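Peer 1: Quick one: structure below, then a few questions.
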Amino acid sequence: MTAVVNNSPDLASRMINRILAIKPLSNIAKHQARQMMINRAQTLGIDWNQQVKDLSARNWSEDFQRIRNPQLTYPDYYLTSFHAYDDGNLNWQAAFEQEPAAYTVHAKIWHDTGAKGDPKLRQTYHDILTTKISTAPRKILDVGCGVGLSTFALQKIYPQAEITGLDLSPHFLSVAQYNSRKRHQSINWVHGAAESTGFTPGTFDLASIFLLCHELPQSATRQILAEMRRIVRPGGYLGIMDMNPGSEIYKKMPTYVKTLLKSTEPYLDEYFSLDIEQAIINAGFKVLIIAPNSPRHRTIVAEAV
Ligand SMILES: C[S@@+](CC[C@H](N)C(=O)[O-])C[C@H]1O[C@@H](n2cnc3c(N)ncnc32)[C@H](O)[C@@H]1O
C-alpha cells in the first residue's frame, strides 16, 4: 500500500500557515516564487516571456467559445487558487504559462537533463505503461489534459489511436486546440469534469491521468476513479503518473517546506495521505504495477476487471 507521510504541523509550518493567511504577505510570497521560476526558466534556455507574449498576442475569443461547455458546473474544489494564480486554472495567464512552467519545474527532477526533464518524465511513464499494455490501445482518454503536453506525448507513442483530451479549464483547452492545429494533429478536446464525463460506458481502451491527482481532494479522486472504471472497457487500462509520496525526497522533506508547497497546491496533504492503491482497487481495477519513474514520481498501471 502507499506510504502515508507524516503531515502534523510543526512550529515552522504553523508560522508559515499564519503568514500565508495574511493576504498581502502571501501575495508577496507568490510574486517572489513566480519571479524566481521565470528567472530559472531563462537560465535553462526556456523562453518563458516570449512564449507568453506570443500567445497573449492572439485573439482567443473564437477558440474559447468553440471549446467552452456553458452547461458545465465547476466543482467547488476547482474554484480556488492554484499555482499562485488567484483564479486557479480558469484564466489566460495560467494557460499561457502552463507549458514553460512544466518545463521549468521538471528540469529539476534529474540533475543532468535540464529543460529535457519534462519530456523524460513523460517518456519514463510511457516506458512502464507500454510494458504493461500488450495491445496498443485504439481509444485513449487523457484526463486533465491541460494545454495538451500529456496528450501530444501519448499520441507520439500511440500514433494510430483516437485520442480525446478532457479538462475543466476552457482556457487550457483553447491553447491545446490551437497547439494541435499548429501540429496538424487531430485530437478531440472536451471541456468537462473527470468525475462525470458523459461518455458511454466502456468507450476507452486506456484512460491516462498525468499529474492530476495531486490537485484533487480525496473525494474527487475516488469519484474520478469510479468514473474511469465506468468508461474504460473491461480488460482496458488505467494509467496514473504523479508525485510519489513514498519517495525519499518527500519522506525527508521538512513539514514547513510541504506547507509552502501547499500554498500553491491546496490539496497536497490529502493527496499524500490517500491510499491510492486501495482506492483504485475499490473502483474496480486490478493494480498491475506501482513503480517509481523518477526520483519523485510514480507510475501506476491498472486493468479494469
Ligand atoms: C497539473 S495539470 C496537468 C496537465 C497535463 N496533464 C500535463 O501533463 O501537462 C492538471 C490539469 O487537470 C485539470 N483538472 C483538474 N481537476 C479536473 C477535473 N476534475 N476534471 C478534469 N480536469 C481537471 C486542470 O485544469 C489542469 O489542466
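Chain labels run A, B, ... following the order of the C-alpha cells; each chain numbers its residues from 1, and ligands are numbered from 1 in the order shown.
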What's the 8 Å shell around stretch 200-215 of chain A, counting only C-alpha atoms, without same-chain residues fewer than 2 positions away, as a ChimeraX atom specification?

Peer 2: /A:137-145,150,198,217,221,228,230-243,265-268,271-272

Peer 1: Among the residues of stretch 124-193 of chain A, find those DSSP assigns to alpha helix (DSSP H) from the backbone and print them as a count of residues only.

Peer 2: 31

Peer 1: Taking only C-alpha atoms and all ligand atoms into account, which residues are within 8 Å of ligand 1, as a ChimeraX atom specification?

Peer 2: /A:75,78,89-90,98-99,102,122,142-151,166-169,172,191-195,209-213,215-216,220,224

Peer 1: With distances taken over only C-alpha atoms, which of A:Gln223, A:Ser263, A:Thr130, A:Gln32 is nearest to A:Val301?

Peer 2: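 Of all the options, A:Thr130 lies closest to A:Val301.
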
Peer 1: Stretch 109-118 of chain A: which residues within 9 Å, counting only C-alpha atoms, same-chain residues fewer than 5 positions away excluded, as a ChimeraX atom specification?

Peer 2: /A:41,44-46,102-104,123,294-296

Peer 1: Report as a Markdown table the residues of stretch 80-135 of chain A within 10 Å of stretch 55-63 of chain A, each with its shortest atom pair and distance in Å (one decimal), using only C-alpha atoms, ordered by chain and increasing residue number.

Peer 2:
```
| residue | atom | partner | partner_atom | distance |
| --- | --- | --- | --- | --- |
| A:Trp92 | CA | A:Ser56 | CA | 8.1 |
| A:Gln93 | CA | A:Ser56 | CA | 8.4 |
| A:Ala95 | CA | A:Leu55 | CA | 9.3 |
| A:Phe96 | CA | A:Leu55 | CA | 6.3 |
| A:Glu97 | CA | A:Leu55 | CA | 9.3 |
```

Peer 1: Which residues in stretch 45-234 of chain A does DSSP call strand (DSSP E or B)? List them as a PyMOL selection string.

Peer 2: chain A and resi 82+85+139-143+162-167+188-191+193+196+204-210+232-234

Peer 1: Which of these, A:Ala226, A:Ile22, A:Ala94, A:Ile67, has the shortest distance to A:Arg34 once you count only C-alpha atoms?

Peer 2: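 Selected residue with least distance to A:Arg34: A:Ala94.
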
Peer 1: Between A:Val190, A:Ile128, A:Pro245, A:Arg66, which residue has the minimum interatomic distance to A:Ile289, considering only C-alpha atoms?

Peer 2: A:Ile128
